[in-house]
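Peer 1: Quick one: this structure, given as structure tokens, is what I'll be asking you about.
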Amino acid sequence: YLKPVVAMVHQGCVRVTALASLKRTWDDLEMILSGDSNGTITLWDSSGGRCHFSRKVLRRPVSSIKILPSEISRNRDLILTFSRGMNQIEVVDVHSLATVAILSQQGPLTDIAVAEVEGTYVLLALAVAGTLGLWDLKEVVSGIQQRSGAANKSPRDFVLQPKAEVPLDRLLAPPPLKNPPPAPASAHPPP
């Protein structure tokens, strides 16, 4: 077995349920984010294992932590996190571990992913009901930036619905043929 290079210890009887790594935009420091079974996210220095700070972000266990690409986060380190079985994804500022926006979808979620599709970064959220929610992450970040000067900054007041919710069976079905081939001629003529 290999010994760990850095040991990071969560307080209390919790288990780590999600991990992500991040290079902070303002100082290029390599950080590790961990989520635990109590809904707490902790920010660690990856070189020494020192805990910078922790904050309870979710009411249930953290299922996933996704980093928003720096190209769209406008020099603001943002992450996406959620609890499996809930219908909300929280957009969290890494500097304060405070929720800055909530993305809401119909039905409980099972997984999320960030992907680049034709030059656009999107959030994909898979729901138990077999639907895939799609958000344009550039639009999400723009909305957060516009709200940053607002007097009432409660993330509960800034809930975004997906641009589209598509049933997976529609996505996975083969496309219909535009010009179907003619039916093969029978080798035996009819009697």
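Following the order of the structure tokens, first chain is A, next is B, and so on, with residues numbered from 1 inside each chain and ligands from 1 in the order they appear.
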Sort by chain and increasing residue number a table of all residues of range 16-101 of chain A within 8 Å of range 111-123 of chain A, each with its closest pair of atoms and their distance in Å to one decimal, counting only C-alpha atoms, and write it as a Markdown table.

Peer 2:
| residue | atom | partner | partner_atom | distance |
| --- | --- | --- | --- | --- |
| A:Ser64 | CA | A:Ile112 | CA | 7.5 |
| A:Lys66 | CA | A:Val114 | CA | 7.1 |
| A:Leu68 | CA | A:Val114 | CA | 7.5 |
| A:Ile72 | CA | A:Tyr121 | CA | 8.0 |
| A:Arg84 | CA | A:Asp111 | CA | 7.1 |

Peer 1: Let's have the selection written as a PDB file, in the first residue's frame, with N, CA and C atoms.

Peer 2:
ATOM      1  N   SER A  64     -22.173  15.375  -4.785  1.00  0.00           N
ATOM      2  CA  SER A  64     -21.241  15.703  -5.849  1.00  0.00           C
ATOM      3  C   SER A  64     -20.803  17.152  -5.721  1.00  0.00           C
ATOM      4  N   LYS A  66     -18.984  19.886  -8.388  1.00  0.00           N
ATOM      5  CA  LYS A  66     -18.487  20.157  -9.739  1.00  0.00           C
ATOM      6  C   LYS A  66     -17.957  21.588  -9.770  1.00  0.00           C
ATOM      7  N   LEU A  68     -17.103  25.032 -11.751  1.00  0.00           N
ATOM      8  CA  LEU A  68     -17.448  25.771 -12.964  1.00  0.00           C
ATOM      9  C   LEU A  68     -16.167  26.178 -13.665  1.00  0.00           C
ATOM     10  N   ILE A  72     -15.914  30.796 -17.807  1.00  0.00           N
ATOM     11  CA  ILE A  72     -17.247  31.390 -17.682  1.00  0.00           C
ATOM     12  C   ILE A  72     -17.534  31.954 -16.295  1.00  0.00           C
ATOM     13  N   ARG A  84     -28.242  13.865  -3.511  1.00  0.00           N
ATOM     14  CA  ARG A  84     -29.021  12.894  -4.282  1.00  0.00           C
ATOM     15  C   ARG A  84     -30.414  12.749  -3.656  1.00  0.00           C
TER      16      ARG A  84
END

Peer 1: Please list as a list in words every residue within 7 Å of range 130-144 of chain A, counting only C-alpha atoms and excluding residues in the same chain fewer than 2 positions away.

Peer 2: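 So the residues in contact are Ile72, Ser73, Ala101, Gln105, Tyr121, Val122, Leu123, Leu124, Ala125, Leu126, Ala127, Val128, Gln146, Arg147, Ser148, Pro162, Lys163, Ala164, Glu165, Val166, Pro167 and Leu168 of chain A.
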
Peer 1: Go through A:Leu109, A:Cys51, A:Leu78, A:Ala98 and flag the residue nearest Ile32 in chain A, using only C-alpha atoms for the distances.

Peer 2: A:Cys51

Peer 1: Near His95 in chain A, within 12 Å and counting only C-alpha atoms, which residues show up once chain neighbours fewer than 2 positions away are dropped, as an NGL selection string?

Peer 2: :A and (22 or 24-27 or 31 or 33 or 41-44 or 52-55 or 75-79 or 92-93 or 97-100)

Peer 1: Could you state the separation of CA of Ile102 in chain A and CA of Ile65 in chain A in Å, given to one decimal place?

Peer 2: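 We find that CA of Ile102 in chain A and CA of Ile65 in chain A lie 14.3 Å from each other.
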
Peer 1: Give me, as a PyMOL selection string, the residues of range 36-136 of chain A that a backbone DSSP run labels strand (DSSP E).

Peer 2: chain A and resi 36+40-45+51-56+64-67+78-82+88-93+98-104+109-117+120-127+131-136

Peer 1: A:Ser63, A:Asn87, A:Ser21, A:Gln161: which is nearest Ser47 in chain A, counting only C-alpha atoms?

Peer 2: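 So, comparing all the options, the nearest one is A:Ser21.
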
Peer 1: Please measure the separation of CA of Arg74 in chain A and CA of Gly39 in chain A, giving the value in Å to one decimal.

Peer 2: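 About the pair CA of Arg74 in chain A and CA of Gly39 in chain A: they are 26.7 Å apart.
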
Peer 1: Can you work out which one of A:Leu80, A:Leu103, A:Val94, A:Met86 has the shortest atom-to-atom distance to Ala18 in chain A, counting only C-alpha atoms?

Peer 2: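 Among the listed residues, A:Leu80 lies closest to Ala18 in chain A.
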
Peer 1: Check the DSSP output for the backbone and give back, as an MDAnalysis selection string, the residues of range 56-97 of chain A in helix (DSSP H, G or I).

Peer 2: chainID A and resid 70:73

Peer 1: Once you have the residues from the selection above, write them out as a PDB file, in the first residue's frame, restricted to all heavy atoms.

Peer 2:
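Below is the file out-v8.pdb, written as the result:
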ATOM      1  N   SER A  70     -13.268  28.170 -15.377  1.00  0.00           N
ATOM      2  CA  SER A  70     -12.859  29.562 -15.143  1.00  0.00           C
ATOM      3  C   SER A  70     -13.201  30.467 -16.323  1.00  0.00           C
ATOM      4  O   SER A  70     -13.395  31.662 -16.144  1.00  0.00           O
ATOM      5  CB  SER A  70     -11.366  29.630 -14.837  1.00  0.00           C
ATOM      6  OG  SER A  70     -10.621  29.086 -15.913  1.00  0.00           O
ATOM      7  N   GLU A  71     -13.312  29.913 -17.525  1.00  0.00           N
ATOM      8  CA  GLU A  71     -13.651  30.725 -18.698  1.00  0.00           C
ATOM      9  C   GLU A  71     -15.012  31.399 -18.561  1.00  0.00           C
ATOM     10  O   GLU A  71     -15.263  32.436 -19.159  1.00  0.00           O
ATOM     11  CB  GLU A  71     -13.689  29.890 -19.990  1.00  0.00           C
ATOM     12  CG  GLU A  71     -12.404  29.176 -20.335  1.00  0.00           C
ATOM     13  CD  GLU A  71     -12.374  27.754 -19.792  1.00  0.00           C
ATOM     14  OE1 GLU A  71     -12.295  27.597 -18.565  1.00  0.00           O
ATOM     15  OE2 GLU A  71     -12.411  26.812 -20.594  1.00  0.00           O
ATOM     16  N   ILE A  72     -15.914  30.796 -17.807  1.00  0.00           N
ATOM     17  CA  ILE A  72     -17.247  31.390 -17.682  1.00  0.00           C
ATOM     18  C   ILE A  72     -17.534  31.954 -16.295  1.00  0.00           C
ATOM     19  O   ILE A  72     -18.486  32.695 -16.127  1.00  0.00           O
ATOM     20  CB  ILE A  72     -18.363  30.390 -18.059  1.00  0.00           C
ATOM     21  CG1 ILE A  72     -18.359  29.206 -17.110  1.00  0.00           C
ATOM     22  CG2 ILE A  72     -18.269  29.984 -19.495  1.00  0.00           C
ATOM     23  CD1 ILE A  72     -19.609  28.401 -17.177  1.00  0.00           C
ATOM     24  N   SER A  73     -16.710  31.613 -15.307  1.00  0.00           N
ATOM     25  CA  SER A  73     -17.013  32.073 -13.948  1.00  0.00           C
ATOM     26  C   SER A  73     -16.534  33.488 -13.670  1.00  0.00           C
ATOM     27  O   SER A  73     -16.742  34.002 -12.572  1.00  0.00           O
ATOM     28  CB  SER A  73     -16.444  31.105 -12.910  1.00  0.00           C
ATOM     29  OG  SER A  73     -15.037  31.070 -12.997  1.00  0.00           O
TER      30      SER A  73
END
